[in-house]
$ cat query-v9.tsv   # TSV, C-alpha atoms
chain	number	residue	atom	x	y	z
A	825	MET	CA	19.49	-32.16	-6.22
A	826	ALA	CA	20.45	-28.67	-7.38
A	827	LEU	CA	16.85	-28.04	-8.43
A	828	PHE	CA	15.57	-29.29	-5.08
A	829	ASN	CA	17.89	-26.97	-3.16
A	830	ALA	CA	17.06	-24.04	-5.40
A	831	LEU	CA	13.33	-24.63	-4.94
A	832	LEU	CA	13.84	-24.77	-1.18
A	833	GLU	CA	15.58	-21.38	-1.19
A	834	LEU	CA	12.70	-19.89	-3.09
A	835	ALA	CA	10.04	-21.55	-0.96
A	836	ASP	CA	11.77	-20.60	2.30
A	837	ASP	CA	11.92	-16.94	1.24
A	838	HIS	CA	8.16	-16.97	0.70
A	839	LEU	CA	7.19	-18.89	3.82
A	840	VAL	CA	9.39	-16.88	6.17
A	841	LEU	CA	8.27	-13.51	4.82
A	842	GLY	CA	4.65	-14.71	4.75
A	843	HIS	CA	4.90	-15.75	8.39
A	844	ARG	CA	6.49	-12.45	9.35
A	845	LEU	CA	3.66	-10.52	7.68
A	846	SER	CA	1.05	-12.70	9.35
A	847	GLU	CA	2.45	-11.61	12.73
A	848	TRP	CA	0.87	-8.21	12.05
A	849	CYS	CA	-2.63	-9.72	11.98
A	850	GLY	CA	-4.59	-8.02	14.76
A	851	HIS	CA	-1.77	-5.54	15.44
A	852	ALA	CA	-1.79	-3.30	12.38
A	853	PRO	CA	-2.20	0.46	12.87
A	854	MET	CA	-5.51	0.49	10.98
A	855	LEU	CA	-8.13	-1.96	9.78
A	856	GLU	CA	-7.16	-1.50	6.15
A	857	GLU	CA	-3.63	-2.66	6.86
A	858	ASP	CA	-4.87	-5.40	9.14
A	859	LEU	CA	-6.61	-6.83	6.07
A	860	ALA	CA	-3.84	-6.02	3.65
A	861	MET	CA	-0.96	-7.75	5.40
A	862	PRO	CA	-2.61	-11.15	5.96
A	863	ASN	CA	-3.80	-10.96	2.35
A	864	MET	CA	-0.24	-10.49	1.18
A	865	ALA	CA	0.93	-13.16	3.61
A	866	LEU	CA	-1.53	-15.57	2.00
A	867	ASP	CA	-0.10	-14.84	-1.44
A	868	LEU	CA	3.37	-15.64	-0.16
A	869	ILE	CA	2.42	-18.74	1.83
A	870	GLY	CA	0.32	-20.03	-1.07
A	871	THR	CA	3.32	-19.69	-3.37
A	872	ALA	CA	5.54	-21.38	-0.79
A	873	ARG	CA	3.17	-24.37	-0.57
A	874	VAL	CA	3.29	-25.03	-4.31
A	875	LEU	CA	7.09	-24.70	-4.29
A	876	TYR	CA	7.52	-27.05	-1.30
A	877	ASP	CA	5.19	-29.58	-2.89
A	878	HIS	CA	7.22	-29.41	-6.09
A	879	ALA	CA	10.53	-29.60	-4.20
A	880	GLY	CA	9.32	-32.68	-2.30
A	881	LYS	CA	8.46	-34.43	-5.55
A	882	VAL	CA	11.78	-33.45	-7.14
A	883	GLU	CA	13.61	-34.83	-4.10
A	884	GLY	CA	11.64	-38.09	-4.24
A	885	GLN	CA	12.13	-38.96	-0.56
A	886	GLY	CA	8.47	-38.71	0.35
A	887	ARG	CA	8.71	-35.33	2.09
A	888	ASP	CA	5.58	-33.26	1.58
A	889	GLU	CA	5.05	-29.52	2.06
A	890	ASP	CA	4.42	-29.94	5.82
A	891	ALA	CA	7.57	-31.98	6.34
A	892	LEU	CA	9.62	-29.34	4.57
A	893	ALA	CA	8.04	-26.41	6.37
A	894	TYR	CA	7.72	-27.80	9.89
A	895	LEU	CA	10.41	-30.42	10.30
A	896	ARG	CA	13.55	-28.58	9.29
A	897	GLY	CA	15.60	-26.65	11.79
A	898	GLU	CA	16.96	-23.17	11.46
A	899	ARG	CA	20.27	-24.26	9.92
A	900	GLU	CA	18.40	-26.18	7.25
A	901	TYR	CA	16.42	-23.12	6.20
A	902	ARG	CA	17.79	-21.48	3.05
A	903	ASN	CA	15.95	-18.16	2.99
A	904	CYS	CA	17.81	-14.92	2.50
A	905	LEU	CA	18.39	-12.86	5.65
A	906	LEU	CA	16.19	-9.96	4.52
A	907	VAL	CA	12.92	-11.89	4.88
A	908	GLU	CA	13.61	-13.13	8.41
A	909	ARG	CA	14.19	-9.63	9.80
A	910	GLU	CA	11.77	-8.78	12.56
A	911	ASN	CA	8.79	-6.60	11.69
A	912	GLY	CA	10.08	-3.60	13.59
A	913	ASP	CA	7.89	-0.57	13.01
A	914	PHE	CA	5.68	-0.06	9.99
A	915	ALA	CA	8.49	1.59	8.04
A	916	VAL	CA	10.69	-1.50	8.42
A	917	THR	CA	7.89	-3.88	7.41
A	918	MET	CA	6.94	-1.86	4.34
A	919	LEU	CA	10.52	-1.36	3.19
A	920	ARG	CA	11.29	-5.08	3.62
A	921	GLN	CA	8.19	-5.83	1.55
A	922	LEU	CA	9.18	-3.37	-1.16
A	923	TYR	CA	12.74	-4.72	-1.38
A	924	PHE	CA	11.45	-8.28	-1.74
A	925	ALA	CA	8.54	-7.60	-4.12
A	926	ALA	CA	10.68	-5.36	-6.34
A	927	PHE	CA	12.98	-8.37	-6.72
A	928	MET	CA	10.33	-11.07	-7.13
A	929	GLU	CA	8.18	-9.30	-9.72
A	930	PRO	CA	10.89	-9.26	-12.42
A	931	TYR	CA	12.07	-12.69	-11.23
A	932	TRP	CA	8.67	-14.24	-11.93
A	933	GLN	CA	8.45	-12.25	-15.15
A	934	ALA	CA	11.55	-14.16	-16.26
A	935	GLY	CA	10.04	-17.35	-14.81
A	936	LEU	CA	7.12	-17.14	-17.25
A	937	ASP	CA	9.44	-18.70	-19.85
A	938	SER	CA	10.67	-21.48	-17.56
A	939	SER	CA	11.00	-25.00	-18.96
A	940	ASP	CA	9.55	-26.23	-15.65
A	941	GLU	CA	5.73	-26.32	-15.85
A	942	VAL	CA	5.26	-25.74	-12.12
A	943	ILE	CA	7.56	-22.71	-12.07
A	944	LYS	CA	5.78	-21.37	-15.12
A	945	GLY	CA	2.41	-21.82	-13.42
A	946	VAL	CA	3.57	-20.19	-10.18
A	947	ALA	CA	5.13	-17.33	-12.13
A	948	GLY	CA	1.91	-16.60	-14.02
A	949	LYS	CA	0.10	-16.07	-10.75
A	950	ALA	CA	2.81	-14.53	-8.64
A	951	VAL	CA	3.99	-11.93	-11.15
A	952	LYS	CA	0.67	-10.10	-10.80
A	953	GLU	CA	0.56	-10.52	-7.03
A	954	MET	CA	4.07	-9.12	-6.67
A	955	ALA	CA	3.12	-6.13	-8.81
A	956	TYR	CA	0.37	-5.48	-6.28
A	957	HIS	CA	2.79	-5.83	-3.38
A	958	ILE	CA	5.18	-3.33	-4.99
A	959	ARG	CA	2.37	-0.84	-5.39
A	960	HIS	CA	1.14	-1.27	-1.84
A	961	ALA	CA	4.53	-1.17	-0.13
A	962	GLY	CA	5.82	1.50	-2.52
A	963	GLU	CA	2.93	3.83	-1.68
A	964	TRP	CA	3.71	3.43	2.01
A	965	VAL	CA	7.42	4.05	1.57
A	966	ILE	CA	6.58	7.25	-0.32
A	967	ARG	CA	3.93	8.32	2.18
A	968	LEU	CA	6.21	7.80	5.16
A	969	GLY	CA	9.42	9.03	3.54
A	970	ASP	CA	7.70	12.16	2.27
A	971	GLY	CA	5.53	12.53	5.37
A	972	THR	CA	6.18	14.08	8.77
A	973	GLU	CA	9.54	14.64	10.33
A	974	GLU	CA	8.96	11.58	12.50
A	975	SER	CA	7.84	9.26	9.68
A	976	ALA	CA	10.70	10.40	7.42
A	977	ALA	CA	13.22	9.74	10.17
A	978	ARG	CA	11.81	6.26	10.72
A	979	MET	CA	11.93	5.54	7.00
A	980	ARG	CA	15.58	6.61	6.87
A	981	ASP	CA	16.30	4.36	9.85
A	982	ALA	CA	14.59	1.48	8.08
A	983	VAL	CA	16.79	1.99	5.00
A	984	GLU	CA	19.85	2.03	7.22
A	985	GLU	CA	18.74	-1.16	8.96
A	986	LEU	CA	17.71	-3.20	5.92
A	987	HIS	CA	19.77	-2.08	2.96
A	988	CYS	CA	22.75	-4.25	3.87
A	989	PHE	CA	20.54	-7.34	3.43
A	990	THR	CA	19.57	-6.59	-0.18
A	991	GLU	CA	22.83	-7.77	-1.74
A	992	GLU	CA	21.99	-11.37	-0.90
A	993	LEU	CA	18.91	-11.21	-3.15
A	994	PHE	CA	21.21	-11.30	-6.18
A	995	GLU	CA	23.31	-14.30	-5.12
A	996	GLU	CA	22.58	-17.24	-7.40
A	997	GLY	CA	22.86	-19.65	-4.47
A	998	ALA	CA	21.76	-23.21	-5.24
A	999	ALA	CA	20.13	-21.99	-8.44
A	1000	GLU	CA	23.56	-21.58	-10.04
A	1001	GLY	CA	23.39	-23.55	-13.27
A	1002	VAL	CA	19.76	-24.61	-12.81
A	1003	ASP	CA	18.19	-23.82	-16.18
A	1004	ALA	CA	14.60	-24.06	-14.98
A	1005	LEU	CA	15.01	-21.00	-12.75
A	1006	PRO	CA	15.76	-17.38	-13.70
A	1007	SER	CA	19.14	-15.84	-12.93
A	1008	ARG	CA	18.99	-13.74	-9.77
A	1009	ALA	CA	21.99	-11.60	-10.70
A	1010	ALA	CA	20.21	-10.51	-13.88
A	1011	ILE	CA	17.41	-8.96	-11.83
A	1012	ARG	CA	19.68	-6.37	-10.23
A	1013	PRO	CA	19.29	-3.48	-12.73
A	1014	ILE	CA	15.49	-3.81	-12.74
A	1015	TRP	CA	15.34	-3.93	-8.94
A	1016	GLN	CA	17.69	-0.98	-8.70
A	1017	ALA	CA	15.57	1.09	-11.09
A	1018	THR	CA	12.38	0.38	-9.12
A	1019	ILE	CA	13.97	1.31	-5.80
A	1020	VAL	CA	15.64	4.44	-7.16
A	1021	ARG	CA	12.32	5.62	-8.65
A	1022	ILE	CA	10.38	5.06	-5.41
A	1023	PHE	CA	13.14	6.50	-3.20
A	1024	ALA	CA	13.25	9.64	-5.37
A	1025	GLU	CA	9.55	10.18	-4.77
A	1026	ALA	CA	9.93	9.40	-1.09
A	1027	GLY	CA	12.80	11.84	-0.67
A	1028	LEU	CA	15.10	9.02	0.42
A	1029	SER	CA	18.64	8.55	-0.78
A	1030	MET	CA	20.20	5.23	-1.68
A	1031	PRO	CA	22.90	4.33	0.84
A	1032	GLU	CA	26.29	4.54	-0.80
A	1033	ALA	CA	28.53	1.94	0.76
A	1034	VAL	CA	27.02	-0.77	2.91
A	1035	TYR	CA	28.68	-3.90	4.14
A	1036	PRO	CA	26.54	-6.73	2.69
A	1037	GLN	CA	25.14	-9.24	5.16
A	1038	THR	CA	24.77	-12.71	3.66
A	1039	GLY	CA	24.77	-16.34	4.75
A	1040	GLY	CA	21.12	-17.32	4.61
A	1041	ARG	CA	21.56	-19.48	1.52
A	1042	SER	CA	24.04	-21.64	3.42
A	1043	GLY	CA	21.91	-21.82	6.56
A	1044	GLN	CA	23.73	-19.16	8.57
A	1045	HIS	CA	20.91	-17.12	9.98
A	1046	ASN	CA	20.40	-14.43	12.50
A	1047	GLU	CA	19.09	-15.50	15.88
A	1048	VAL	CA	15.65	-14.09	15.01
A	1049	LEU	CA	14.85	-16.93	12.60
A	1050	GLY	CA	15.18	-19.56	15.32
A	1051	HIS	CA	12.66	-17.73	17.48
A	1052	MET	CA	10.27	-17.43	14.58
A	1053	LEU	CA	10.51	-21.09	13.64
A	1054	ALA	CA	10.09	-22.17	17.26
A	1055	GLU	CA	6.71	-20.49	17.30
A	1056	MET	CA	5.73	-21.52	13.80
A	1057	GLN	CA	6.67	-25.17	14.21
A	1058	SER	CA	5.80	-25.92	17.82
A	1059	LEU	CA	2.23	-27.10	17.25
A	1060	HIS	CA	3.16	-29.40	14.40
A	1061	ARG	CA	6.06	-30.88	16.33
A	1062	ALA	CA	4.07	-31.31	19.53
A	1063	HIS	CA	1.33	-33.22	17.71
A	1064	PRO	CA	3.00	-35.01	14.81
A	1065	GLY	CA	0.54	-36.20	12.19
A	1066	ALA	CA	-2.44	-34.55	13.91
A	1067	VAL	CA	-5.47	-33.94	11.67
A	1068	TRP	CA	-8.31	-31.51	12.28
B	81	MET	CA	-34.46	-43.46	-14.72
B	82	ILE	CA	-30.75	-43.19	-14.15
B	83	ALA	CA	-29.00	-40.44	-16.10
B	84	GLU	CA	-26.23	-41.63	-18.36
B	85	LEU	CA	-22.82	-40.87	-16.91
B	86	THR	CA	-21.49	-38.77	-19.74
B	87	GLU	CA	-18.99	-35.95	-19.83
B	88	GLN	CA	-21.83	-33.48	-20.30
B	89	VAL	CA	-23.66	-34.73	-17.20
B	90	ALA	CA	-20.43	-34.55	-15.22
B	91	TRP	CA	-19.78	-31.00	-16.40
B	92	GLN	CA	-23.27	-29.93	-15.36
B	93	ALA	CA	-22.83	-31.46	-11.90
B	94	ALA	CA	-19.44	-29.84	-11.35
B	95	ALA	CA	-20.36	-26.52	-12.96
B	96	SER	CA	-23.31	-25.94	-10.63
B	97	VAL	CA	-21.09	-25.76	-7.51
B	98	PRO	CA	-21.18	-22.27	-6.00
B	99	ASP	CA	-18.00	-20.47	-5.00
B	100	PRO	CA	-17.73	-20.69	-1.19
B	101	GLU	CA	-16.72	-17.04	-0.73
B	102	VAL	CA	-18.83	-15.51	-3.48
B	103	PRO	CA	-21.80	-17.90	-3.51
B	104	CYS	CA	-23.79	-15.88	-6.05
B	105	VAL	CA	-21.64	-17.29	-8.82
B	106	THR	CA	-20.68	-20.85	-9.73
B	107	VAL	CA	-17.18	-22.19	-10.21
B	108	ALA	CA	-17.88	-22.41	-13.94
B	109	GLU	CA	-18.98	-18.78	-14.15
B	110	LEU	CA	-15.83	-17.72	-12.31
B	111	GLY	CA	-13.74	-19.70	-14.77
B	112	ILE	CA	-12.09	-21.77	-12.04
B	113	LEU	CA	-13.50	-25.03	-13.42
B	114	ARG	CA	-11.59	-25.45	-16.66
B	115	GLN	CA	-12.71	-28.83	-17.95
B	116	VAL	CA	-14.38	-32.09	-16.98
B	117	SER	CA	-13.43	-35.19	-18.91
B	118	MET	CA	-14.04	-38.93	-18.55
B	119	GLU	CA	-10.86	-40.95	-18.15
B	120	ASP	CA	-11.34	-44.72	-17.76
B	121	GLY	CA	-14.73	-44.22	-16.15
B	122	VAL	CA	-13.50	-41.52	-13.76
B	123	ALA	CA	-14.73	-37.94	-14.03
B	124	VAL	CA	-11.65	-35.73	-13.91
B	125	ALA	CA	-12.22	-32.06	-13.15
B	126	LYS	CA	-9.47	-29.58	-13.93
B	127	VAL	CA	-9.48	-26.70	-11.48
B	128	THR	CA	-7.34	-23.54	-11.47
B	129	PRO	CA	-6.87	-21.56	-8.24
B	130	THR	CA	-7.63	-17.84	-8.37
B	131	TYR	CA	-4.83	-16.60	-6.08
B	132	SER	CA	-1.71	-18.42	-4.87
B	133	GLY	CA	-2.95	-18.20	-1.32
B	134	CYS	CA	-6.69	-18.41	-1.89
B	135	PRO	CA	-7.87	-20.24	1.24
B	136	ALA	CA	-10.97	-21.41	-0.61
B	137	THR	CA	-9.06	-23.53	-3.13
B	138	LEU	CA	-9.28	-26.76	-1.15
B	139	ALA	CA	-12.93	-26.16	-0.22
B	140	ILE	CA	-13.77	-25.59	-3.89
B	141	GLU	CA	-12.01	-28.79	-4.93
B	142	LEU	CA	-13.79	-30.82	-2.25
B	143	SER	CA	-17.18	-29.37	-3.22
B	144	ILE	CA	-16.67	-30.21	-6.88
B	145	GLU	CA	-15.57	-33.72	-5.99
B	146	ALA	CA	-18.63	-34.16	-3.76
B	147	ALA	CA	-20.95	-32.83	-6.47
B	148	LEU	CA	-19.53	-35.31	-8.97
B	149	ARG	CA	-19.93	-38.21	-6.52
B	150	ASP	CA	-23.50	-37.17	-5.74
B	151	ALA	CA	-24.21	-37.35	-9.46
B	152	GLY	CA	-22.97	-40.95	-9.44
B	153	PHE	CA	-19.44	-40.47	-10.73
B	154	GLU	CA	-16.14	-41.68	-9.49
B	155	ALA	CA	-14.26	-38.41	-9.34
B	156	ARG	CA	-10.80	-36.91	-9.29
B	157	ILE	CA	-9.63	-33.31	-9.16
B	158	ASP	CA	-6.55	-32.15	-11.04
B	159	ARG	CA	-5.20	-28.79	-9.92
B	160	VAL	CA	-3.88	-26.93	-12.94
B	161	LEU	CA	-1.57	-23.95	-12.39
B	162	SER	CA	-0.69	-23.08	-15.96
B	163	PRO	CA	-2.07	-21.10	-17.66
B	164	ALA	CA	-2.77	-18.98	-14.62
B	165	TRP	CA	-6.36	-17.97	-13.90
B	166	THR	CA	-7.31	-14.47	-14.89
B	167	THR	CA	-10.45	-12.44	-14.25
B	168	ASP	CA	-10.92	-12.42	-18.04
B	169	TRP	CA	-12.24	-15.95	-17.59
B	170	ILE	CA	-15.27	-14.79	-15.60
B	171	THR	CA	-18.25	-15.24	-17.91
B	172	ALA	CA	-20.66	-12.47	-18.90
B	173	GLU	CA	-23.34	-14.15	-16.80
B	174	GLY	CA	-20.95	-14.36	-13.86
B	175	ARG	CA	-20.20	-10.64	-14.13
B	176	GLU	CA	-23.89	-9.76	-14.18
B	177	LYS	CA	-24.54	-11.95	-11.11
B	178	LEU	CA	-21.65	-10.31	-9.23
B	179	ARG	CA	-23.07	-6.88	-9.99
B	180	ALA	CA	-26.56	-7.91	-8.86
B	181	PHE	CA	-25.01	-9.25	-5.65
B	182	GLY	CA	-23.37	-5.88	-4.97
B	183	ILE	CA	-19.82	-6.69	-6.07
B	184	ALA	CA	-18.45	-4.61	-8.94
B	185	PRO	CA	-17.17	-7.08	-11.54
B	186	PRO	CA	-13.61	-6.71	-12.86
B	187	VAL	CA	-13.17	-4.36	-15.74
B	188	THR	CA	-12.30	-6.57	-18.73
B	189	GLY	CA	-8.69	-6.79	-19.82
B	190	SER	CA	-6.29	-8.15	-17.24
B	191	GLY	CA	-2.54	-7.81	-17.05
B	192	LYS	CA	-0.16	-5.30	-15.62
B	193	ALA	CA	-1.60	-2.30	-17.45
B	194	ALA	CA	-5.06	-2.98	-16.06
B	195	LEU	CA	-3.59	-3.57	-12.62
B	196	PHE	CA	-2.11	-0.09	-12.46
B	197	ALA	CA	-4.47	1.93	-14.62
B	198	SER	CA	-6.99	2.92	-11.91
B	199	PRO	CA	-9.87	1.43	-13.87
B	200	ASP	CA	-13.28	3.07	-14.10
B	201	VAL	CA	-15.08	1.02	-11.51
B	202	CYS	CA	-18.86	1.39	-11.69
B	203	CYS	CA	-20.92	1.40	-8.51
B	204	PRO	CA	-22.93	-1.85	-8.51
B	205	ARG	CA	-25.85	-0.02	-6.88
B	206	CYS	CA	-26.34	3.16	-8.93
B	207	GLY	CA	-23.97	2.64	-11.87
B	208	SER	CA	-22.01	5.84	-11.26
B	209	VAL	CA	-18.33	5.90	-12.24
B	210	ARG	CA	-17.62	8.48	-9.54
B	211	THR	CA	-16.03	5.91	-7.24
B	212	ILE	CA	-12.91	5.95	-5.11
B	213	ARG	CA	-10.68	3.18	-3.86
B	214	ILE	CA	-10.80	2.93	-0.08
B	215	SER	CA	-8.44	0.00	0.26
B	216	GLU	CA	-6.31	-2.08	-2.07
B	217	PHE	CA	-7.47	-5.15	-0.19
B	218	GLY	CA	-11.03	-6.18	0.64
B	219	SER	CA	-12.81	-8.94	2.51
B	220	THR	CA	-11.08	-11.63	0.42
B	221	ALA	CA	-7.83	-11.73	-1.55
B	222	CYS	CA	-9.64	-11.26	-4.85
B	223	LYS	CA	-11.42	-8.04	-3.90
B	224	ALA	CA	-10.58	-4.38	-3.21
B	225	HIS	CA	-12.73	-1.96	-1.27
B	226	TYR	CA	-14.39	0.99	-3.03
B	227	GLN	CA	-16.95	3.63	-2.26
B	228	CYS	CA	-19.40	5.39	-4.57
B	229	GLN	CA	-19.20	9.20	-4.47
B	230	SER	CA	-22.67	9.56	-5.97
B	231	CYS	CA	-24.77	7.34	-3.71
B	232	ALA	CA	-22.21	6.83	-0.89
B	233	GLU	CA	-22.49	3.03	-1.11
B	234	PRO	CA	-19.36	1.21	0.04
B	235	PHE	CA	-18.76	-1.91	-2.08
B	236	ASP	CA	-16.33	-4.64	-3.03
B	237	TYR	CA	-14.61	-4.54	-6.41
B	238	PHE	CA	-13.45	-7.82	-7.90
B	239	LYS	CA	-9.85	-6.97	-8.81
B	240	CYS	CA	-8.55	-7.39	-12.34
B	241	ILE	CA	-5.76	-9.88	-12.30
$ encode --input "query-v9.tsv" --output "structure tokens"
Amino acid sequence: MALFNALLELADDHLVLGHRLSEWCGHAPMLEEDLAMPNMALDLIGTARVLYDHAGKVEGQGRDEDALAYLRGEREYRNCLLVERENGDFAVTMLRQLYFAAFMEPYWQAGLDSSDEVIKGVAGKAVKEMAYHIRHAGEWVIRLGDGTEESAARMRDAVEELHCFTEELFEEGAAEGVDALPSRAAIRPIWQATIVRIFAEAGLSMPEAVYPQTGGRSGQHNEVLGHMLAEMQSLHRAHPGAVW
Amino acid sequence: MIAELTEQVAWQAAASVPDPEVPCVTVAELGILRQVSMEDGVAVAKVTPTYSGCPATLAIELSIEAALRDAGFEARIDRVLSPAWTTDWITAEGREKLRAFGIAPPVTGSGKAALFASPDVCCPRCGSVRTIRISEFGSTACKAHYQCQSCAEPFDYFKCI
């Protein structure tokens, strides 16, 4: 059961962030980004699907990826709070992406040695995709942070808004004691180094003391997740079992 | 005359399926089709997705299954995640066909170094290496958008991953 819960946390992180990114489709400031964000969303949702499928099999109750994605309520979601944050402006979206990818890339790097074949397979794919996400989001954080007065101010606001949600990334959560999954706490120094390096180039400073916001791993979410799930799940719930 | 239902015949049937998004190359040339084996009279094709979220994965699997059935086989598809697909698995023929189609093939040698090294991407039209990246992301997840500085041709580059 610990493995099932840990897989759910991981899958929920990917699905929720993937859905958030997909909300930009058709709204991005330029065509390039309108292509980029759904592409990255697909990476995340694709990873979530494999993890849900695996979790369903581990649970053994006959729940498939759709049941896990569409038929759980907000309190049953186990994603960290960072990924459910609303898109805000482009600075917020890019910083959220950088924070997450800078965590997941070393996480999957560690996952390459997992004893679990599915995790190992996912890691092999995702580690390269996350490296791409870091580059993409990192370039934007630098461009905006080191850009105009306006863009730099927005980037600083984004740091102020999101930094308090990063602490939760390093909570072991349900993965505590699950050997098949990498330790989240161990990722901290690598994540920190990536962020410090990019912030230095962007002319941003790391916030000193922030009050960490947590609770996602135990199902205590911000109101925004409920709104997101309502939209994401409504079709599936209105037409249960529908096929195209 | 009915062809004998051997592993080799099954491979040929499955290998000839074109990729739905890049139809100039087959699934075998892309390296997505890993193996076809006969298990208790069933042709089992092992298929590896290119990207986690590649929307073509299911379409590819269905096409391979259909091709095997058309060739007279009972068929099953096994999705294999590990080892993960890499562009190194694209065959030499596949690379040449991509180039002829106007897509710059991935520079050989995948991995993180290749991902961040700004590779010398050759223009598929005139062969010049004076190319610039326009966008990290192209028309599909597996491609980036480039432009040739010599002949001005905009083109897709099949990313090294």
$ interface_residues --input "query-v9.tsv" --of "chain B" --to "chain A" --cutoff "8 Å" --atoms "all atoms listed in the file" --output "MDAnalysis selection string"
chainID B and resid 131:135 161:165 191:192 195 215:221 241
$ closest_residue --input "query-v9.tsv" --among "B:Pro100, B:Thr86, B:Glu141, B:Arg149" --to "Leu113 in chain B" --atoms "only C-alpha atoms"
B:Glu141
$ atom_distance --input "query-v9.tsv" --atom1 "CA of Ser1042 in chain A" --atom2 "CA of Tyr894 in chain A"
18.6 Å
$ atom_distance --input "query-v9.tsv" --atom1 "CA of Gln92 in chain B" --atom2 "CA of Leu148 in chain B"
9.2 Å
$ atom_distance --input "query-v9.tsv" --atom1 "CA of Arg205 in chain B" --atom2 "CA of Arg179 in chain B"
8.0 Å
$ residues_around --input "query-v9.tsv" --residues "Ala95 in chain B" --least-positions-apart "6" --cutoff "10 Å" --atoms "only C-alpha atoms" --output "PDB file with C-alpha atoms, keeping the file's coordinate frame"
ATOM      1  CA  VAL B  89     -23.660 -34.730 -17.200  1.00  0.00           C
ATOM      2  CA  THR B 106     -20.680 -20.850  -9.730  1.00  0.00           C
ATOM      3  CA  VAL B 107     -17.180 -22.190 -10.210  1.00  0.00           C
ATOM      4  CA  ALA B 108     -17.880 -22.410 -13.940  1.00  0.00           C
ATOM      5  CA  GLU B 109     -18.980 -18.780 -14.150  1.00  0.00           C
ATOM      6  CA  LEU B 110     -15.830 -17.720 -12.310  1.00  0.00           C
ATOM      7  CA  GLY B 111     -13.740 -19.700 -14.770  1.00  0.00           C
ATOM      8  CA  ILE B 112     -12.090 -21.770 -12.040  1.00  0.00           C
ATOM      9  CA  LEU B 113     -13.500 -25.030 -13.420  1.00  0.00           C
ATOM     10  CA  ARG B 114     -11.590 -25.450 -16.660  1.00  0.00           C
ATOM     11  CA  GLN B 115     -12.710 -28.830 -17.950  1.00  0.00           C
ATOM     12  CA  VAL B 116     -14.380 -32.090 -16.980  1.00  0.00           C
ATOM     13  CA  ALA B 125     -12.220 -32.060 -13.150  1.00  0.00           C
ATOM     14  CA  ILE B 144     -16.670 -30.210  -6.880  1.00  0.00           C
ATOM     15  CA  ALA B 147     -20.950 -32.830  -6.470  1.00  0.00           C
ATOM     16  CA  LEU B 148     -19.530 -35.310  -8.970  1.00  0.00           C
TER      17      LEU B 148
END
$ axis_aligned_box --input "query-v9.tsv" --around "range 955-973 of chain A" --padding-each-side "8 Å" --output "lines of an AutoDock Vina configuration file"
center_x = 5.0
center_y = 4.3
center_z = 0.8
size_x = 25.2
size_y = 36.8
size_z = 35.1
$ closest_residue --input "query-v9.tsv" --among "B:Ile183, B:Ala232, B:Val102, B:Ala123" --to "Ala136 in chain B" --atoms "all atoms listed in the file"
B:Val102
$ closest_residue --input "query-v9.tsv" --among "A:Phe924, A:Glu910, A:Val1067, A:Ala1026" --to "Ala976 in chain A" --atoms "all atoms listed in the file"
A:Ala1026
$ closest_residue --input "query-v9.tsv" --among "B:Ser208, B:Gln227, B:Thr137, B:Ser117" --to "Gln88 in chain B" --atoms "only C-alpha atoms"
B:Ser117
$ residues_around --input "query-v9.tsv" --residues "range 992-1008 of chain A" --least-positions-apart "2" --cutoff "7 Å" --atoms "all atoms listed in the file" --output "list in words"
Ala826, Leu827, Asn829, Ala830, Cys904, Tyr931, Ala934, Gly935, Ser938, Ser939, Asp940, Phe989, Thr990, Ala1010, Ile1011, Arg1012, Thr1038 and Arg1041 of chain A
$ write_last_selection --input "query-v9.tsv" --atoms "C-alpha atoms" --output "short mmCIF file (atom, residue, chain, number, x, y, z; two decimals), in the coordinates of the input"
data_model
loop_
_atom_site.label_atom_id
_atom_site.label_comp_id
_atom_site.auth_asym_id
_atom_site.auth_seq_id
_atom_site.Cartn_x
_atom_site.Cartn_y
_atom_site.Cartn_z
CA ALA A 826 20.45 -28.67 -7.38
CA LEU A 827 16.85 -28.04 -8.43
CA ASN A 829 17.89 -26.97 -3.16
CA ALA A 830 17.06 -24.04 -5.40
CA CYS A 904 17.81 -14.92 2.50
CA TYR A 931 12.07 -12.69 -11.23
CA ALA A 934 11.55 -14.16 -16.26
CA GLY A 935 10.04 -17.35 -14.81
CA SER A 938 10.67 -21.48 -17.56
CA SER A 939 11.00 -25.00 -18.96
CA ASP A 940 9.55 -26.23 -15.65
CA PHE A 989 20.54 -7.34 3.43
CA THR A 990 19.57 -6.59 -0.18
CA ALA A 1010 20.21 -10.51 -13.88
CA ILE A 1011 17.41 -8.96 -11.83
CA ARG A 1012 19.68 -6.37 -10.23
CA THR A 1038 24.77 -12.71 3.66
CA ARG A 1041 21.56 -19.48 1.52
#
$ closest_residue --input "query-v9.tsv" --among "A:Leu839, A:Ala852, A:Ile958, A:Met979" --to "Ala925 in chain A" --atoms "only C-alpha atoms"
A:Ile958
$ build_atoms --input "query-v9.tsv" --residues "range 144-148 of chain B" --atoms "N, CA and C atoms" --output "short mmCIF file (atom, residue, chain, number, x, y, z; two decimals), in the coordinates of the input"
data_model
loop_
_atom_site.label_atom_id
_atom_site.label_comp_id
_atom_site.auth_asym_id
_atom_site.auth_seq_id
_atom_site.Cartn_x
_atom_site.Cartn_y
_atom_site.Cartn_z
N ILE B 144 -16.50 -29.70 -5.51
CA ILE B 144 -16.67 -30.21 -6.88
C ILE B 144 -16.61 -31.74 -6.86
N GLU B 145 -15.69 -32.26 -6.08
CA GLU B 145 -15.57 -33.72 -5.99
C GLU B 145 -16.87 -34.32 -5.43
N ALA B 146 -17.39 -33.68 -4.38
CA ALA B 146 -18.63 -34.16 -3.76
C ALA B 146 -19.80 -34.08 -4.74
N ALA B 147 -19.86 -32.99 -5.51
CA ALA B 147 -20.95 -32.83 -6.47
C ALA B 147 -20.90 -33.93 -7.53
N LEU B 148 -19.69 -34.27 -7.96
CA LEU B 148 -19.53 -35.31 -8.97
C LEU B 148 -19.94 -36.68 -8.40
#
